[in-house]
$ cat coords_21.txt   # compact mmCIF, C-alpha atoms (C1' of nucleotides) and all ligand atoms
# COMPACT_ATOMS: atom_id res chain seq x y z
CA MET A 545 19.12 130.34 46.87
CA LEU A 546 20.08 133.84 45.91
CA PHE A 547 21.22 136.05 43.13
CA SER A 548 24.87 136.96 43.22
CA THR A 549 26.22 140.42 43.73
CA LYS A 550 26.44 140.74 39.98
CA ALA A 551 22.73 141.41 39.97
CA GLU A 552 22.86 143.63 43.03
CA TYR A 553 25.69 145.78 41.73
CA GLY A 554 24.41 145.84 38.19
CA VAL A 555 20.96 146.97 39.21
CA ARG A 556 22.50 149.69 41.37
CA LEU A 557 24.51 150.80 38.40
CA MET A 558 21.46 151.04 36.20
CA VAL A 559 19.51 152.97 38.81
CA GLU A 560 22.36 155.41 39.18
CA LEU A 561 22.46 155.99 35.45
CA GLY A 562 18.73 156.49 35.43
CA ARG A 563 18.85 159.01 38.21
CA ARG A 564 21.57 161.11 36.59
CA ALA A 565 19.75 161.11 33.30
CA GLY A 566 16.64 162.46 35.01
CA THR A 567 13.85 163.23 32.59
CA THR A 568 16.12 164.11 29.67
CA ALA A 569 16.03 161.80 26.69
CA PRO A 570 18.76 159.21 27.01
CA GLU A 571 20.44 160.35 23.84
CA GLU A 572 21.02 163.85 25.16
CA ALA A 573 22.06 162.90 28.67
CA GLU A 574 25.69 163.45 29.57
CA PRO A 575 27.56 160.18 29.79
CA VAL A 576 28.50 159.26 33.34
CA ALA A 577 31.95 157.97 34.11
CA LEU A 578 32.03 154.61 35.84
CA ALA A 579 34.27 156.00 38.55
CA THR A 580 31.47 158.36 39.53
CA VAL A 581 28.94 155.63 40.22
CA ALA A 582 31.58 153.49 41.86
CA GLU A 583 32.20 156.28 44.33
CA ALA A 584 28.53 157.02 44.84
CA GLU A 585 27.60 153.41 45.52
CA LEU A 586 30.82 152.40 47.22
CA LEU A 587 31.50 149.62 44.75
CA PRO A 588 34.84 148.48 43.34
CA LEU A 589 35.46 150.18 40.02
CA SER A 590 37.37 147.35 38.42
CA TYR A 591 34.55 144.95 39.13
CA LEU A 592 31.92 147.27 37.75
CA GLU A 593 33.78 147.34 34.48
CA HIS A 594 33.01 143.67 33.95
CA LEU A 595 29.36 144.13 34.76
CA VAL A 596 28.83 147.13 32.56
CA ALA A 597 30.41 145.22 29.72
CA LYS A 598 27.62 142.66 29.90
CA LEU A 599 25.00 145.38 30.04
CA ARG A 600 26.48 146.93 26.94
CA GLN A 601 26.45 143.64 25.06
CA ALA A 602 22.77 143.39 25.91
CA ASP A 603 22.16 146.87 24.50
CA LEU A 604 20.97 148.22 27.81
CA VAL A 605 23.61 150.92 28.09
CA SER A 606 25.71 152.68 25.48
CA SER A 607 29.23 153.88 26.01
CA VAL A 608 31.29 156.90 25.01
CA ARG A 609 35.01 156.31 25.00
CA GLY A 610 37.81 158.71 25.73
CA ALA A 611 38.06 161.63 28.11
CA HIS A 612 34.72 162.92 29.33
CA GLY A 613 33.28 159.65 28.23
CA GLY A 614 31.15 157.26 30.22
CA TYR A 615 27.89 155.38 30.02
CA ARG A 616 24.26 156.24 29.55
CA LEU A 617 21.06 154.27 29.19
CA ALA A 618 20.49 152.93 25.73
CA LYS A 619 16.74 153.59 25.97
CA PRO A 620 14.38 155.43 28.29
CA ALA A 621 14.15 153.93 31.75
CA ARG A 622 10.47 153.18 31.38
CA GLU A 623 11.21 150.79 28.51
CA ILE A 624 13.80 148.81 30.42
CA ALA A 625 12.44 145.74 32.19
CA MET A 626 14.48 144.51 35.10
CA LEU A 627 14.20 140.99 33.76
CA ASP A 628 16.45 141.95 30.88
CA VAL A 629 18.92 143.60 33.23
CA VAL A 630 19.17 140.61 35.52
CA GLU A 631 19.39 138.13 32.69
CA ALA A 632 22.14 140.13 31.04
CA LEU A 633 24.13 139.92 34.24
CA GLU A 634 23.36 136.46 35.52
CA GLY A 635 22.37 134.53 32.46
CA PRO A 636 18.94 132.99 31.95
CA VAL A 637 16.96 132.91 35.15
CA ALA A 638 15.95 129.40 36.13
CA PRO A 639 15.35 127.95 39.56
CA MET A 640 17.21 124.74 38.83
CA GLU A 641 20.09 123.42 36.84
CA CYS A 642 17.87 120.89 35.14
CA PHE A 643 15.26 123.44 34.21
CA HIS A 644 15.36 124.97 30.74
CA THR A 645 12.67 127.20 29.29
CA GLU A 646 12.19 126.83 25.62
CA ARG A 647 11.40 129.83 23.46
CA GLU A 648 7.66 129.30 23.38
CA GLY A 649 7.40 129.11 27.14
CA ARG A 650 7.53 125.37 26.93
CA VAL A 651 9.52 123.90 29.76
CA LEU A 652 12.03 121.12 29.43
CA CYS A 653 13.74 119.38 32.26
CA SER A 654 16.52 116.88 32.18
CA HIS A 655 14.37 113.96 33.15
CA GLU A 656 12.09 114.50 30.22
CA VAL A 657 14.94 114.91 27.79
CA ASP A 658 16.23 111.58 28.96
CA GLY A 659 12.75 110.40 28.24
CA ASP A 660 12.64 107.78 30.90
CA ARG A 661 10.12 109.26 33.27
CA ALA A 662 7.87 112.24 33.89
CA CYS A 663 9.38 114.75 36.25
CA ALA A 664 7.51 115.04 39.51
CA THR A 665 8.97 118.36 40.55
CA LYS A 666 8.47 120.21 37.30
CA LEU A 667 5.18 121.64 38.46
CA LEU A 668 6.80 123.28 41.45
CA TRP A 669 9.78 124.81 39.63
CA THR A 670 7.54 126.06 36.88
CA ARG A 671 5.51 128.01 39.38
CA VAL A 672 8.58 129.42 41.06
CA HIS A 673 10.05 130.39 37.74
CA GLY A 674 6.82 132.10 36.84
CA GLY A 675 6.76 134.04 40.06
CA VAL A 676 10.29 135.31 39.62
CA THR A 677 10.00 136.27 35.98
CA LYS A 678 6.68 137.94 36.57
CA ALA A 679 8.13 140.09 39.33
CA LEU A 680 11.21 140.88 37.28
CA ALA A 681 9.42 141.56 34.02
CA GLY A 682 6.76 143.64 35.71
CA THR A 683 9.22 146.06 37.22
CA SER A 684 10.73 148.76 35.06
CA LEU A 685 13.90 150.66 35.74
CA ALA A 686 11.84 153.84 35.93
CA GLU A 687 10.03 152.53 38.97
CA LEU A 688 13.25 151.93 40.83
CA VAL A 689 14.57 155.35 39.90
CA GLU A 690 11.45 157.00 41.27
CA PHE A 691 11.66 154.88 44.38
CA ALA A 692 15.26 155.89 44.95
CA ASP A 693 14.54 159.57 44.33
CA ALA A 694 11.63 159.53 46.74
CA ALA A 695 13.71 157.86 49.42
CA ALA A 696 16.51 160.35 48.95
CA ALA A 697 14.05 163.26 49.18
CA THR A 698 12.64 162.19 52.55
CA ALA A 699 16.14 161.48 53.82
CA ALA A 700 17.16 165.00 52.82
CA LEU A 701 14.46 166.58 54.97
CA PRO A 702 15.84 168.36 58.05
CA GLU A 703 15.75 165.89 60.89
CA PRO A 704 13.11 166.96 63.44
CA VAL A 705 14.71 167.33 66.85
CA ALA A 706 13.59 164.68 69.35
CA MET B 1460 20.29 132.29 40.06
CA LEU B 1461 19.10 128.88 41.04
CA PHE B 1462 18.31 126.57 43.88
CA SER B 1463 20.87 123.90 44.50
CA THR B 1464 20.31 120.21 44.06
CA LYS B 1465 19.55 120.04 47.76
CA ALA B 1466 16.12 121.40 46.96
CA GLU B 1467 15.73 119.25 43.87
CA TYR B 1468 16.67 116.02 45.59
CA GLY B 1469 14.85 116.87 48.78
CA VAL B 1470 11.61 117.61 47.00
CA ARG B 1471 11.94 114.38 45.07
CA LEU B 1472 12.40 112.55 48.31
CA MET B 1473 9.28 114.07 49.79
CA VAL B 1474 7.22 113.28 46.73
CA GLU B 1475 8.39 109.70 46.83
CA LEU B 1476 7.37 109.37 50.46
CA GLY B 1477 4.03 110.90 49.67
CA ARG B 1478 3.40 108.49 46.83
CA ARG B 1479 4.23 105.42 48.86
CA ALA B 1480 2.00 106.56 51.69
CA GLY B 1481 -0.90 106.89 49.30
CA THR B 1482 -4.11 107.84 51.03
CA THR B 1483 -3.29 106.10 54.29
CA ALA B 1484 -2.78 108.28 57.32
CA PRO B 1485 0.92 109.07 57.73
CA GLU B 1486 1.05 107.40 61.12
CA GLU B 1487 -0.03 104.03 59.74
CA ALA B 1488 2.04 104.06 56.59
CA GLU B 1489 4.96 101.69 56.44
CA PRO B 1490 8.27 103.48 56.81
CA VAL B 1491 10.27 103.61 53.59
CA ALA B 1492 13.98 102.87 53.62
CA LEU B 1493 16.12 105.57 52.14
CA ALA B 1494 17.84 103.08 49.89
CA THR B 1495 14.48 102.45 48.21
CA VAL B 1496 13.93 106.04 47.17
CA ALA B 1497 17.59 106.40 46.23
CA GLU B 1498 17.19 103.56 43.79
CA ALA B 1499 13.85 104.79 42.48
CA GLU B 1500 15.09 108.31 41.82
CA LEU B 1501 18.65 107.40 40.90
CA LEU B 1502 20.13 109.57 43.61
CA PRO B 1503 23.22 108.91 45.75
CA LEU B 1504 22.14 107.35 49.03
CA SER B 1505 24.86 108.87 51.16
CA TYR B 1506 23.90 112.33 50.01
CA LEU B 1507 20.23 111.76 50.69
CA GLU B 1508 21.07 110.96 54.27
CA HIS B 1509 22.20 114.53 54.80
CA LEU B 1510 19.09 115.96 53.26
CA VAL B 1511 16.64 113.79 55.13
CA ALA B 1512 18.36 114.78 58.36
CA LYS B 1513 17.39 118.39 57.73
CA LEU B 1514 13.86 117.41 56.89
CA ARG B 1515 13.62 115.52 60.13
CA GLN B 1516 14.89 118.45 62.17
CA ALA B 1517 12.16 120.52 60.58
CA ASP B 1518 9.55 117.94 61.59
CA LEU B 1519 8.56 117.21 58.03
CA VAL B 1520 9.42 113.53 58.17
CA SER B 1521 9.70 111.12 61.05
CA SER B 1522 12.10 108.23 61.21
CA VAL B 1523 12.06 104.66 62.45
CA ARG B 1524 15.42 103.25 63.29
CA GLY B 1525 16.67 99.72 63.07
CA ALA B 1526 15.90 96.96 60.63
CA HIS B 1527 12.74 97.51 58.58
CA GLY B 1528 12.99 101.13 59.58
CA GLY B 1529 12.85 104.12 57.32
CA TYR B 1530 11.06 107.41 56.92
CA ARG B 1531 7.50 108.58 56.56
CA LEU B 1532 5.79 111.92 56.35
CA ALA B 1533 5.28 113.59 59.70
CA LYS B 1534 1.89 114.96 58.64
CA PRO B 1535 -0.54 114.48 55.77
CA ALA B 1536 0.79 115.68 52.43
CA ARG B 1537 -1.94 118.26 52.09
CA GLU B 1538 -0.70 120.08 55.15
CA ILE B 1539 2.89 120.30 53.97
CA ALA B 1540 3.72 123.51 52.13
CA MET B 1541 6.66 123.34 49.79
CA LEU B 1542 7.98 126.56 51.25
CA ASP B 1543 8.73 124.73 54.47
CA VAL B 1544 10.40 121.91 52.61
CA VAL B 1545 12.66 124.18 50.61
CA GLU B 1546 13.54 126.35 53.58
CA ALA B 1547 14.40 123.31 55.63
CA LEU B 1548 16.83 122.26 52.94
CA GLU B 1549 18.29 125.52 51.73
CA GLY B 1550 17.81 127.85 54.64
CA PRO B 1551 15.69 130.99 54.52
CA VAL B 1552 14.78 131.90 50.98
CA ALA B 1553 16.03 135.34 50.03
CA PRO B 1554 17.05 136.66 46.65
CA MET B 1555 20.12 138.49 47.93
CA GLU B 1556 22.77 138.22 50.57
CA CYS B 1557 21.86 141.64 51.91
CA PHE B 1558 18.18 140.86 52.12
CA HIS B 1559 16.71 139.72 55.43
CA THR B 1560 13.02 139.31 56.14
CA GLU B 1561 11.99 140.09 59.67
CA ARG B 1562 9.31 138.12 61.40
CA GLU B 1563 6.45 140.49 60.71
CA GLY B 1564 7.18 140.55 57.02
CA ARG B 1565 9.21 143.67 57.46
CA VAL B 1566 12.23 143.74 55.22
CA LEU B 1567 15.70 144.78 56.24
CA CYS B 1568 18.62 145.24 53.95
CA SER B 1569 22.20 145.90 54.79
CA HIS B 1570 22.15 149.47 53.54
CA GLU B 1571 19.36 150.36 55.90
CA VAL B 1572 20.96 148.66 58.85
CA ASP B 1573 24.02 150.77 58.22
CA GLY B 1574 21.59 153.62 58.26
CA ASP B 1575 23.45 155.75 55.81
CA ARG B 1576 21.11 155.68 52.85
CA ALA B 1577 17.85 154.27 51.57
CA CYS B 1578 18.29 151.22 49.42
CA ALA B 1579 17.31 151.74 45.81
CA THR B 1580 17.02 148.11 44.90
CA LYS B 1581 14.96 146.97 47.85
CA LEU B 1582 11.72 147.41 45.93
CA LEU B 1583 12.85 144.98 43.27
CA TRP B 1584 14.12 142.26 45.56
CA THR B 1585 11.04 142.53 47.71
CA ARG B 1586 8.86 141.78 44.72
CA VAL B 1587 11.02 138.86 43.65
CA HIS B 1588 11.01 137.47 47.14
CA GLY B 1589 7.25 137.78 47.25
CA GLY B 1590 6.88 135.98 43.95
CA VAL B 1591 9.00 133.07 45.06
CA THR B 1592 7.49 132.62 48.49
CA LYS B 1593 3.99 132.92 47.10
CA ALA B 1594 4.64 130.17 44.60
CA LEU B 1595 6.32 127.99 47.19
CA ALA B 1596 3.80 128.55 49.96
CA GLY B 1597 0.87 128.07 47.60
CA THR B 1598 1.96 124.62 46.52
CA SER B 1599 1.35 121.67 48.79
CA LEU B 1600 3.12 118.36 48.68
CA ALA B 1601 -0.20 116.71 47.88
CA GLU B 1602 -0.38 118.60 44.59
CA LEU B 1603 3.00 117.30 43.50
CA VAL B 1604 2.12 113.77 44.49
CA GLU B 1605 -1.05 113.88 42.40
CA PHE B 1606 0.90 115.39 39.53
CA ALA B 1607 3.47 112.62 39.70
CA ASP B 1608 0.83 109.91 39.92
CA ALA B 1609 -1.05 111.28 36.95
CA ALA B 1610 2.11 111.45 34.87
CA ALA B 1611 3.04 107.91 35.83
CA ALA B 1612 -0.44 106.69 34.90
CA THR B 1613 -0.30 108.07 31.36
CA ALA B 1614 3.23 106.77 30.95
CA ALA B 1615 2.07 103.32 32.02
CA LEU B 1616 -0.46 103.13 29.20
CA PRO B 1617 0.51 100.61 26.51
CA GLU B 1618 2.53 102.44 23.91
CA PRO B 1619 0.56 102.58 20.64
CA VAL B 1620 2.68 101.12 17.89
CA ALA B 1621 3.93 103.67 15.35
C1' DA C 876 24.27 87.21 67.37
C1' DC C 877 23.41 89.15 63.11
C1' DA C 878 21.75 92.14 59.68
C1' DA C 879 19.39 96.17 58.32
C1' DA C 880 18.66 100.44 58.78
C1' DT C 881 19.23 105.33 60.75
C1' DC C 882 22.50 108.59 62.54
C1' DC C 883 26.80 111.49 62.95
C1' DT C 884 31.30 113.63 61.78
C1' DA C 885 34.90 114.44 58.84
C1' DG C 886 37.00 115.30 54.69
C1' DC C 887 37.72 115.84 49.73
C1' DT C 888 37.29 117.95 44.88
C1' DG C 889 35.90 120.85 41.66
C1' DT C 890 33.59 125.12 40.29
C1' DC C 891 32.60 129.73 40.47
C1' DC C 892 32.07 134.17 42.78
C1' DA C 893 34.28 138.48 43.75
C1' DG C 894 37.85 141.10 42.98
C1' DT C 895 42.66 142.59 41.31
C1' DC C 896 45.99 143.77 37.95
C1' DG C 897 48.23 145.34 33.84
C1' DG C 898 47.83 147.15 29.80
C1' DA C 899 45.80 148.34 25.25
C1' DA C 900 42.86 151.45 22.45
C1' DA C 901 40.07 155.59 21.89
C1' DA C 902 38.89 160.39 22.38
C1' DC C 903 39.40 165.01 24.21
C1' DC C 904 42.46 169.11 25.47
C1' DG C 905 46.21 172.16 25.35
C1' DC D 289 51.43 166.94 18.75
C1' DG D 290 51.75 164.65 23.57
C1' DG D 291 49.36 163.87 27.82
C1' DT D 292 45.22 162.77 30.21
C1' DT D 293 41.01 160.63 30.81
C1' DT D 294 38.24 157.27 29.99
C1' DT D 295 36.47 152.76 28.10
C1' DC D 296 37.91 148.11 26.91
C1' DC D 297 40.00 143.41 27.37
C1' DG D 298 42.08 139.25 29.18
C1' DA D 299 44.38 136.75 32.69
C1' DC D 300 44.97 135.56 37.25
C1' DT D 301 43.90 134.53 42.34
C1' DG D 302 42.05 133.51 46.74
C1' DG D 303 38.36 131.84 49.11
C1' DA D 304 33.80 129.86 49.66
C1' DC D 305 30.61 126.51 48.85
C1' DA D 306 28.17 122.74 46.37
C1' DG D 307 28.11 117.97 45.90
C1' DC D 308 29.48 114.24 47.10
C1' DT D 309 32.18 109.99 49.70
C1' DA D 310 33.98 107.34 53.80
C1' DG D 311 33.75 105.38 58.07
C1' DG D 312 31.81 104.38 61.87
C1' DA D 313 28.46 104.44 65.97
C1' DT D 314 23.78 103.39 67.37
C1' DT D 315 19.29 101.35 67.29
C1' DT D 316 16.15 97.61 66.33
C1' DG D 317 13.79 93.49 64.06
C1' DT D 318 14.55 88.25 63.52
S1 LIG A 1701 14.51 117.25 36.09
FE1 LIG A 1701 14.45 118.99 37.47
S2 LIG A 1701 12.50 119.88 36.92
FE2 LIG A 1701 12.44 117.97 35.80
S1 LIG A 1702 21.22 146.43 50.48
FE1 LIG A 1702 20.52 144.86 49.04
S2 LIG A 1702 18.36 145.17 49.09
FE2 LIG A 1702 19.07 146.90 50.30

$ encode --input "coords_21.txt" --output "structure tokens"
Amino acid sequence: MLFSTKAEYGVRLMVELGRRAGTTAPEEAEPVALATVAEAELLPLSYLEHLVAKLRQADLVSSVRGAHGGYRLAKPAREIAMLDVVEALEGPVAPMECFHTEREGRVLCSHEVDGDRACATKLLWTRVHGGVTKALAGTSLAELVEFADAAAATAALPEPVA
Amino acid sequence: MLFSTKAEYGVRLMVELGRRAGTTAPEEAEPVALATVAEAELLPLSYLEHLVAKLRQADLVSSVRGAHGGYRLAKPAREIAMLDVVEALEGPVAPMECFHTEREGRVLCSHEVDGDRACATKLLWTRVHGGVTKALAGTSLAELVEFADAAAATAALPEPVA
DNA sequence: ACAAATCCTAGCTGTCCAGTCGGAAAACCG
DNA sequence: CGGTTTTCCGACTGGACAGCTAGGATTTGT
């Protein structure tokens, strides 16, 4: 059980955009060309194009076309929940094929739709689903950006000789 | 992102074994033929054979060969954590390909192994992983069995005429 | 001996991930 | 203007893996 690289790459992309924007309001930040982040993160450019398209459709990034164009965050990093990012890339997050969350948090599973019998495993998948969404929804892009900046800062320190 | 049907079917199988055992100690319970649970849960028998093999290797069920043979739980349902069940079926649970949990809970990811740079997304996947494992480890088979029994009981009530 | 069951290995079919490719449209620059 | 840089869009592919199925060998009750 794992997320695909769509999520991995897409999250990287968002973090990179967040880092370049820094503290400036997203509207004023310079758009970043996709080739730049592809080089920085060592990811295939042509693949990133597909991912960023989904992020744009979800209104998480905005684009500027033409020369000197690129992408920037559509809203400040603190207001972007990673749940939205991941769902934009991978579709609705559910632990099982048969598991569909209704709008009001009500859970449906195939066995119940069929109506024949109560589903024994629903309790388990509901808990798992809750754990994942809670972790995802409770993490903002800003947190990851800070985390990445902090890691880069310590890495940039002159290596003490052993 | 989802678990495969291996987990779904396997959990069903375990619940079924737990229900048939009832409150009797697992050693004394009659072994249940796989064909029985296949019929009860409408699952392909030949596929279940593969799944139960993994559960047996993980010492979650024990088998009795020959006529009147079958499977039973290897220990009381209350002592079986669903995390073990799922991991036996799907392998180690990790949200990403690049994400490996060391024995002491330490987390390694490919970027760090390469040593070149700190991984920006590790924070996120660590939280997700924690959410999933917490949900899975905190749920025992006994809980699911009780849940299933309760649901079956209400369903068995005579349907009030509309 | 026979039947009922577990056990084991192999293979098959579709789906989807990960990535490539080619080219169109849009905007800037001289 | 024309050329360059970029986003944008669709189609295509190669491989991996999920989800079975088939066939048989082995063990054990009656
Ligand atoms: S049918 Fe899978 S959770 Fe109910
Ligand atoms: S490389 Fe994926 S979590 Fe670090």

$ calpha_fit_and_write --input "coords_21.txt" --fixed "chain B" --moving "chain A" --output "compact mmCIF listing (two decimals) with C-alpha atoms, keeping the file's coordinate frame"
# COMPACT_ATOMS: atom_id res chain seq x y z
CA MET A 545 20.46 132.23 40.18
CA LEU A 546 19.23 128.81 41.11
CA PHE A 547 18.42 126.51 43.93
CA SER A 548 20.99 123.83 44.58
CA THR A 549 20.42 120.15 44.17
CA LYS A 550 19.62 119.99 47.85
CA ALA A 551 16.20 121.35 47.01
CA GLU A 552 15.82 119.20 43.93
CA TYR A 553 16.76 115.98 45.68
CA GLY A 554 14.91 116.81 48.84
CA VAL A 555 11.69 117.58 47.03
CA ARG A 556 12.01 114.33 45.10
CA LEU A 557 12.46 112.52 48.36
CA MET A 558 9.34 114.04 49.83
CA VAL A 559 7.29 113.24 46.75
CA GLU A 560 8.45 109.66 46.86
CA LEU A 561 7.43 109.35 50.48
CA GLY A 562 4.08 110.86 49.66
CA ARG A 563 3.47 108.48 46.83
CA ARG A 564 4.28 105.38 48.87
CA ALA A 565 2.06 106.53 51.68
CA GLY A 566 -0.84 106.89 49.26
CA THR A 567 -4.07 107.83 50.96
CA THR A 568 -3.28 106.08 54.25
CA ALA A 569 -2.80 108.29 57.27
CA PRO A 570 0.87 109.06 57.71
CA GLU A 571 0.98 107.41 61.09
CA GLU A 572 -0.07 104.04 59.72
CA ALA A 573 2.04 104.09 56.58
CA GLU A 574 4.95 101.68 56.46
CA PRO A 575 8.24 103.48 56.85
CA VAL A 576 10.27 103.56 53.65
CA ALA A 577 13.95 102.82 53.72
CA LEU A 578 16.14 105.53 52.26
CA ALA A 579 17.86 103.01 50.02
CA THR A 580 14.53 102.39 48.31
CA VAL A 581 14.00 105.99 47.26
CA ALA A 582 17.65 106.34 46.36
CA GLU A 583 17.25 103.49 43.92
CA ALA A 584 13.94 104.73 42.58
CA GLU A 585 15.19 108.25 41.94
CA LEU A 586 18.75 107.33 41.04
CA LEU A 587 20.22 109.50 43.76
CA PRO A 588 23.27 108.82 45.93
CA LEU A 589 22.18 107.26 49.20
CA SER A 590 24.88 108.78 51.34
CA TYR A 591 23.95 112.25 50.18
CA LEU A 592 20.28 111.72 50.82
CA GLU A 593 21.07 110.90 54.40
CA HIS A 594 22.23 114.46 54.97
CA LEU A 595 19.15 115.92 53.36
CA VAL A 596 16.67 113.77 55.21
CA ALA A 597 18.36 114.76 58.44
CA LYS A 598 17.42 118.38 57.81
CA LEU A 599 13.87 117.41 56.94
CA ARG A 600 13.62 115.52 60.19
CA GLN A 601 14.90 118.45 62.21
CA ALA A 602 12.17 120.53 60.60
CA ASP A 603 9.55 117.96 61.63
CA LEU A 604 8.58 117.22 58.07
CA VAL A 605 9.42 113.53 58.21
CA SER A 606 9.68 111.11 61.10
CA SER A 607 12.08 108.22 61.27
CA VAL A 608 12.00 104.64 62.51
CA ARG A 609 15.38 103.21 63.36
CA GLY A 610 16.60 99.67 63.11
CA ALA A 611 15.81 96.90 60.67
CA HIS A 612 12.64 97.46 58.68
CA GLY A 613 12.91 101.06 59.64
CA GLY A 614 12.82 104.08 57.38
CA TYR A 615 11.06 107.39 56.98
CA ARG A 616 7.51 108.57 56.60
CA LEU A 617 5.81 111.94 56.38
CA ALA A 618 5.29 113.59 59.71
CA LYS A 619 1.90 114.96 58.62
CA PRO A 620 -0.51 114.47 55.74
CA ALA A 621 0.83 115.65 52.41
CA ARG A 622 -1.90 118.23 52.02
CA GLU A 623 -0.67 120.06 55.12
CA ILE A 624 2.91 120.28 53.94
CA ALA A 625 3.77 123.49 52.10
CA MET A 626 6.72 123.30 49.78
CA LEU A 627 8.03 126.53 51.24
CA ASP A 628 8.77 124.72 54.48
CA VAL A 629 10.46 121.89 52.62
CA VAL A 630 12.72 124.16 50.63
CA GLU A 631 13.57 126.34 53.58
CA ALA A 632 14.45 123.31 55.66
CA LEU A 633 16.90 122.25 52.99
CA GLU A 634 18.34 125.52 51.78
CA GLY A 635 17.86 127.87 54.67
CA PRO A 636 15.71 131.00 54.51
CA VAL A 637 14.81 131.89 50.97
CA ALA A 638 16.01 135.35 50.01
CA PRO A 639 17.01 136.68 46.63
CA MET A 640 20.06 138.50 47.93
CA GLU A 641 22.69 138.25 50.58
CA CYS A 642 21.81 141.67 51.90
CA PHE A 643 18.12 140.91 52.09
CA HIS A 644 16.66 139.77 55.40
CA THR A 645 12.96 139.36 56.10
CA GLU A 646 11.97 140.15 59.59
CA ARG A 647 9.29 138.14 61.34
CA GLU A 648 6.45 140.54 60.64
CA GLY A 649 7.15 140.60 56.93
CA ARG A 650 9.16 143.73 57.39
CA VAL A 651 12.18 143.78 55.15
CA LEU A 652 15.63 144.86 56.19
CA CYS A 653 18.55 145.28 53.91
CA SER A 654 22.13 145.97 54.74
CA HIS A 655 22.08 149.52 53.50
CA GLU A 656 19.29 150.42 55.83
CA VAL A 657 20.90 148.75 58.79
CA ASP A 658 23.95 150.84 58.13
CA GLY A 659 21.53 153.70 58.15
CA ASP A 660 23.38 155.82 55.69
CA ARG A 661 21.04 155.72 52.75
CA ALA A 662 17.76 154.31 51.48
CA CYS A 663 18.22 151.24 49.35
CA ALA A 664 17.23 151.76 45.75
CA THR A 665 16.93 148.11 44.86
CA LYS A 666 14.86 146.99 47.80
CA LEU A 667 11.64 147.41 45.87
CA LEU A 668 12.78 144.98 43.21
CA TRP A 669 14.05 142.25 45.54
CA THR A 670 10.96 142.52 47.66
CA ARG A 671 8.81 141.75 44.66
CA VAL A 672 10.97 138.85 43.61
CA HIS A 673 10.97 137.47 47.10
CA GLY A 674 7.21 137.74 47.18
CA GLY A 675 6.85 135.92 43.91
CA VAL A 676 9.02 133.03 45.03
CA THR A 677 7.49 132.59 48.45
CA LYS A 678 4.01 132.86 47.06
CA ALA A 679 4.68 130.10 44.55
CA LEU A 680 6.38 127.95 47.17
CA ALA A 681 3.84 128.51 49.92
CA GLY A 682 0.92 128.01 47.57
CA THR A 683 2.03 124.58 46.48
CA SER A 684 1.40 121.63 48.75
CA LEU A 685 3.18 118.32 48.66
CA ALA A 686 -0.13 116.67 47.84
CA GLU A 687 -0.29 118.53 44.56
CA LEU A 688 3.09 117.25 43.49
CA VAL A 689 2.20 113.71 44.47
CA GLU A 690 -0.94 113.84 42.36
CA PHE A 691 1.01 115.34 39.50
CA ALA A 692 3.58 112.58 39.67
CA ASP A 693 0.94 109.85 39.89
CA ALA A 694 -0.92 111.25 36.92
CA ALA A 695 2.24 111.42 34.86
CA ALA A 696 3.16 107.88 35.77
CA ALA A 697 -0.33 106.66 34.84
CA THR A 698 -0.22 108.09 31.32
CA ALA A 699 3.32 106.80 30.88
CA ALA A 700 2.12 103.33 31.86
CA LEU A 701 -0.47 103.25 29.09
CA PRO A 702 0.41 100.83 26.28
CA GLU A 703 2.24 102.80 23.64
CA PRO A 704 0.05 103.10 20.52
CA VAL A 705 1.92 101.74 17.52
CA ALA A 706 2.91 104.42 15.00

$ closest_residue --input "coords_21.txt" --among "A:Thr568, A:Thr580, A:Ser607, A:Ser548" --to "chain C" --atoms "only C-alpha atoms (C1' of nucleotides)"
A:Ser548

$ interface_residues --input "coords_21.txt" --of "chain C" --to "chain B" --cutoff "12 Å" --atoms "all atoms listed in the file" --output "PyMOL selection string"
chain C and resi 877-884

$ residues_around --input "coords_21.txt" --residues "region 891-893 of chain C" --least-positions-apart "2" --cutoff "10 Å" --atoms "only C-alpha atoms (C1' of nucleotides)" --output "NGL selection string"
(:A and (548-550 or 591)) or (:C and (889 or 895)) or (:D and (302-305))

$ closest_residue --input "coords_21.txt" --among "B:Ala1540, B:Ala1480, B:Ala1579, B:Ala1466" --to "ligand LIG 1701 (chain A)" --atoms "only C-alpha atoms and all ligand atoms"
B:Ala1466

$ interface_residues --input "coords_21.txt" --of "chain D" --to "chain A" --cutoff "9 Å" --atoms "all atoms listed in the file" --output "ChimeraX atom specification"
/D:292-296

$ interface_residues --input "coords_21.txt" --of "chain A" --to "chain B" --cutoff "8 Å" --atoms "all atoms listed in the file" --output "NGL selection string"
:A and (545-549 or 552 or 555-556 or 559 or 634 or 637-641 or 661-665 or 667-668 or 671-673 or 675-676 or 678-680 or 683 or 688-689 or 691-692 or 695-696 or 699)

$ atom_distance --input "coords_21.txt" --atom1 "CA of Ser590 (chain A)" --atom2 "C1' of DC896 (chain C)"
9.3 Å

$ atom_distance --input "coords_21.txt" --atom1 "CA of Leu1542 (chain B)" --atom2 "atom S2 of ligand LIG 1702 (chain A)"
21.4 Å

$ closest_residue --input "coords_21.txt" --among "B:Val1544, B:Ala1596, B:Leu1501, B:Leu1519" --to "ligand LIG 1701 (chain A)" --atoms "all atoms listed in the file"
B:Leu1501

$ axis_aligned_box --input "coords_21.txt" --around "ligand LIG 1701 (chain A)" --padding-each-side "8 Å" --output "AutoDock Vina command-line options"
--center_x 13.5 --center_y 118.6 --center_z 36.6 --size_x 18.1 --size_y 18.6 --size_z 17.7

$ residues_around --input "coords_21.txt" --residues "DC887 (chain C)" --least-positions-apart "3" --cutoff "12 Å" --atoms "only C-alpha atoms (C1' of nucleotides)" --output "list in words"
DG307, DC308, DT309 and DA310 of chain D
